[in-house]
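A.B. asks: Shown below is the structure under consideration.
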Amino acid sequence: MPASQILLRPAHEIAAAVASKEVSAREVAEAAISLIEAQNGALHAYTDVTADRAIIEANRVDQVIAAGGAPPLAGVPYAVKNLFDVEGVVTRAGSKINRDDPPAPVDATLVTKMREAGGVLLGSLNMGEYAYDFTGENAHDGASLNPHDRTRMSGGSSGGSGTAVASGMAAISLGSDTNGSIRVPSSFCGLYGLKPTYGRLSRAHTFPFVPSLDHLGPIARSPRDLALVFDALQGRDPADPAQIDRQSLRSTAEIGKGVEGLRIAVAGGYFQRQAKPEALAGVAHVAKALGVDREIELPEAHRARAAAYLITTSESSTVHLDRLQRRAADFDPDTRDRFLSGAMVPTAWYVQAQRFRAWFRAEMQKLFETVDVILAPATPFHALPSGTKTVELDGVTLPARANIGIFTQPVSFVGLPVVAVPVWLPGTHLPIGVQVIAPAWREDIALRVAETLHLAGATAAPVARMPVETR
Amino acid sequence: MSQFDAKAFDAPAHVAHMAKVMGLSIAPEWEATVVANMEATARAAGLVLSYALDEHVEPAPVFEP
């Protein structure tokens with residue numbers, strides 16, 4: 001099989017093909033660079049392509065394999081949201097303003113870990129400005145588009161991360177998720193996305209959005225790929241002050257254990273009221289595949305979402321206060337007004353939201369005494385047409401950008417691990433994601449559920465069929 | 001439980017005042033959407049502030065889920 005075909009397989013199959021010398025890491029890297037050259041102009045996934053670095057890293061992997069080594073991500077071509085530091089590349093974080101910064105002097109911790117595991121970095125990916133986004137649209141770099149329907153959004157803010165993996169331009173991407181920015185593009189682009197437990201993976205040398213809520217994680221075309229990458233990325237890093245010192249999981253060893261004995265329930269109430277029919281159908285499809293008929297309610301989920309909103313707007317605006325004072329005109333119009341108002345939030349509102357977070361954590365811990373997994377929609381609807389500014393939810397017209405993440409926000413608010421799984425309903429070409437939510441520190445459970453669904457064919461993440469001119 | 005009334009919140013006055021306090025220049029063409037965002041934030045605050053929490057519920061300075 002030619003490298004251009006192997007490139008479109010899931011990452012674990014690419015790694016196996018490279019490790020067995022069916023194909024070289026260099027051939028895979030060259031195929032990936034060719035595909036980026038052919039497709040990126042139409043899809044706007046990459047903002048920086050590190051082709052020279054990719055070839056150097058791929059050659060190194062081939063040398064390791066020739067010497068008898070077998071790195072777990074041997075030759076897997078991947079890319080990172082452009083808020084990750086990549087040595088020699090300016091960390092733009094989706095902004096115009098940060099382009100005045102010097103190139104990053106070192107790689108982000110997770111980029112170093114990917115390299116050590118045999119990954120081959122292809123470049124940095126488009127994102128919503130400073131990650132304050134659920135659309136994947138960006139006034140400076142253009143909108144990262146949905147490979148399954150190029151008239152629609154990729155979802156954000158890790159928009160390019162969704163576009164690259166769904167189009168085959170990368171086998172894996174790393175994104176960030178503060179309120180849903182891994183899970184939303186996974187839903188819109190039909191991919192598997194892992195938002196680990198808050199504090200699990202190092203965020204060192206990445207550009208912050210909301211330090212209280214920021215997570216990093218992978219997007220991929222199979223649950224096993226997520227597990228491989230997650231295992232490679234874990235480990236203590238004192239450079240991230242929010243990282244919690246916990247025993248690493250070996251999720252690749254656990255992922256095949258199935259779901260027998262797991263208590264699984266569907267989230268009711270808040271998670272159903274504002275959902276469009278496709279979101280409800282997606283959850284029902286997954287529940288049926290798992291034989292689940294139990295429903296539970298997350299207490300005060302609407303207030304949890306409101307509190308996440310308050311922490312997000314006020315904390316992020318503090319990060320950007322100097323830029324807002326000096327260069328407000330250089331912000332993306334779609335984020336500027338949100339950041340400006342966020343700089344005006346009274347402290348009492350913020351502190352009360354943080355107190356509510358502690359309360360909601362305790363409530364969720366109690367809930368997880370009675371259940372092991374909770375299923376909920378990842379987004380209220382399919383990918384929206386690009387440029388959509390408002391949506392109607394439960395009969396009320398609301399701004400689209402802020403409300404795409406209404407179902408992801410309450411979950412990341414208390415840092416629970418989630419795997420977003422992609423469902424393809426009959427009668428539509430658009431996917432929709434379902435959140436598989438596990439107790440804190442139990443990413444392995446969510447991955448087991450996702451793998452069970454994937455092996456049963458209930459969920460899938462195919463590479464999009466592209467128009468002939470960009471193949 | 002706070003007595004905050006989100007419906008009575010005067011967002012235009014708050015934005016005008018806080019822009020001066022925080023050293024922010026709001027161009028006239030941005031003003032309406034900044035105010036709209038402030039109103040949305042106040043509605044969120046109303047939901048959070050109206051929920052009674054025990055006085056001993058504290059924020060988690062290092063947040064471990």
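Please note that chains go A, B, ... in the order of the structure tokens, that every chain numbers its residues from 1, and that ligands are numbered from 1 in the order shown.
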Give me, as an MDAnalysis selection string, the residues of chain B touching chain A, with the criterion being at most 9 Å (counting only C-alpha atoms).

C.D. replies: chainID B and resid 14:15 18:19 21:27 30:31 33:38 41:49 51 53 57:60 62:65

A.B. asks: Contacts of stretch 269-280 of chain A at 9 Å or less, counting only C-alpha atoms, minus same-chain residues fewer than 6 places along, as a ChimeraX atom specification?

C.D. replies: /A:296-298,300-302,376-382,392-395,406-407,425,432-434

A.B. asks: Please give the complete set of residues from chain B that DSSP, run on the backbone, assigns to helix (DSSP H, G or I), formatted as a PDB file with C-alpha atoms, in the first residue's frame.

C.D. replies:
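Writing done, so here's result_17.pdb:
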```pdb
ATOM      1  CA  ALA B   6     -29.623  41.063  36.886  1.00  0.00           C
ATOM      2  CA  LYS B   7     -32.692  42.656  35.287  1.00  0.00           C
ATOM      3  CA  ALA B   8     -32.019  45.949  37.036  1.00  0.00           C
ATOM      4  CA  ALA B  11     -24.983  47.625  31.681  1.00  0.00           C
ATOM      5  CA  PRO B  12     -24.328  50.846  29.677  1.00  0.00           C
ATOM      6  CA  ALA B  13     -23.527  52.771  32.880  1.00  0.00           C
ATOM      7  CA  HIS B  14     -21.361  49.905  34.188  1.00  0.00           C
ATOM      8  CA  VAL B  15     -19.406  49.697  30.920  1.00  0.00           C
ATOM      9  CA  ALA B  16     -18.885  53.473  30.783  1.00  0.00           C
ATOM     10  CA  HIS B  17     -17.621  53.537  34.374  1.00  0.00           C
ATOM     11  CA  MET B  18     -15.450  50.418  34.237  1.00  0.00           C
ATOM     12  CA  ALA B  19     -13.858  51.431  30.930  1.00  0.00           C
ATOM     13  CA  LYS B  20     -12.429  54.443  32.769  1.00  0.00           C
ATOM     14  CA  VAL B  21     -11.469  52.398  35.832  1.00  0.00           C
ATOM     15  CA  MET B  22      -9.663  49.764  33.753  1.00  0.00           C
ATOM     16  CA  PRO B  28     -18.283  53.828  19.416  1.00  0.00           C
ATOM     17  CA  GLU B  29     -18.864  50.975  16.966  1.00  0.00           C
ATOM     18  CA  TRP B  30     -17.912  48.380  19.615  1.00  0.00           C
ATOM     19  CA  GLU B  31     -20.052  49.826  22.373  1.00  0.00           C
ATOM     20  CA  ALA B  32     -23.347  48.049  21.652  1.00  0.00           C
ATOM     21  CA  THR B  33     -21.790  44.580  21.606  1.00  0.00           C
ATOM     22  CA  VAL B  34     -19.622  45.233  24.655  1.00  0.00           C
ATOM     23  CA  VAL B  35     -22.801  46.248  26.505  1.00  0.00           C
ATOM     24  CA  ALA B  36     -24.642  43.184  25.170  1.00  0.00           C
ATOM     25  CA  ASN B  37     -21.843  40.933  26.438  1.00  0.00           C
ATOM     26  CA  MET B  38     -21.912  42.681  29.814  1.00  0.00           C
ATOM     27  CA  GLU B  39     -25.655  42.045  30.008  1.00  0.00           C
ATOM     28  CA  ALA B  40     -25.110  38.353  29.230  1.00  0.00           C
ATOM     29  CA  THR B  41     -22.437  38.173  31.928  1.00  0.00           C
ATOM     30  CA  ALA B  42     -24.793  39.828  34.420  1.00  0.00           C
ATOM     31  CA  ARG B  43     -27.469  37.225  33.635  1.00  0.00           C
ATOM     32  CA  ALA B  44     -24.923  34.479  34.322  1.00  0.00           C
ATOM     33  CA  ALA B  45     -23.964  36.243  37.553  1.00  0.00           C
ATOM     34  CA  GLY B  46     -27.626  36.385  38.526  1.00  0.00           C
ATOM     35  CA  LEU B  47     -27.893  32.603  38.246  1.00  0.00           C
ATOM     36  CA  VAL B  48     -24.750  31.999  40.282  1.00  0.00           C
ATOM     37  CA  LEU B  49     -25.346  34.654  42.938  1.00  0.00           C
TER      38      LEU B  49
END
```

A.B. asks: Near A:Leu216, within 10 Å and counting only C-alpha atoms, which residues show up once chain neighbours fewer than 6 positions away are dropped, as a ChimeraX atom specification?

C.D. replies: /A:81,84,110,174-178,181-182,194-203,206,233

A.B. asks: Which residues are close to A:Asp52, i.e. within 12 Å by only C-alpha atoms, leaving aside same-chain residues fewer than 2 positions away? Reply as a PyMOL selection string.

C.D. replies: chain A and resi 26+29-30+33+48-50+54-59+88+120-123

A.B. asks: Suppose you want the space between atom CA of A:Arg250 and atom CA of A:Gly282; what is it in Å?

C.D. replies: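 Taking atom CA of A:Arg250 as the start and atom CA of A:Gly282 as the end point, the length is 29.3 Å.
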
A.B. asks: As a ChimeraX atom specification, please: every residue in stretch 135-189 of chain A that DSSP puts in strand (DSSP E).

C.D. replies: /A:145-146,149-153,172-177

A.B. asks: Can you write out the residues you just picked, keeping C-alpha atoms, as a PDB file, in the first residue's frame?

C.D. replies:
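Listed below is the output, result.pdb:
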```pdb
ATOM      1  CA  LEU A 145     -13.507  24.604   7.419  1.00  0.00           C
ATOM      2  CA  ASN A 146     -15.312  21.340   7.952  1.00  0.00           C
ATOM      3  CA  ASP A 149     -18.996  19.978   4.280  1.00  0.00           C
ATOM      4  CA  ARG A 150     -16.812  22.919   3.406  1.00  0.00           C
ATOM      5  CA  THR A 151     -19.686  25.382   3.758  1.00  0.00           C
ATOM      6  CA  ARG A 152     -19.737  24.630   7.479  1.00  0.00           C
ATOM      7  CA  MET A 153     -17.704  25.348  10.587  1.00  0.00           C
ATOM      8  CA  ILE A 172      -3.368  13.203  15.369  1.00  0.00           C
ATOM      9  CA  SER A 173      -3.744  16.766  16.546  1.00  0.00           C
ATOM     10  CA  LEU A 174      -3.254  18.276  19.951  1.00  0.00           C
ATOM     11  CA  GLY A 175      -5.742  20.916  21.021  1.00  0.00           C
ATOM     12  CA  SER A 176      -6.827  22.738  24.126  1.00  0.00           C
ATOM     13  CA  ASP A 177     -10.202  22.544  25.846  1.00  0.00           C
TER      14      ASP A 177
END
```

A.B. asks: Between atom CA of A:Ala66 and atom CA of A:Ile6, what distance in Å does the model show, to one decimal?

C.D. replies: 19.7 Å
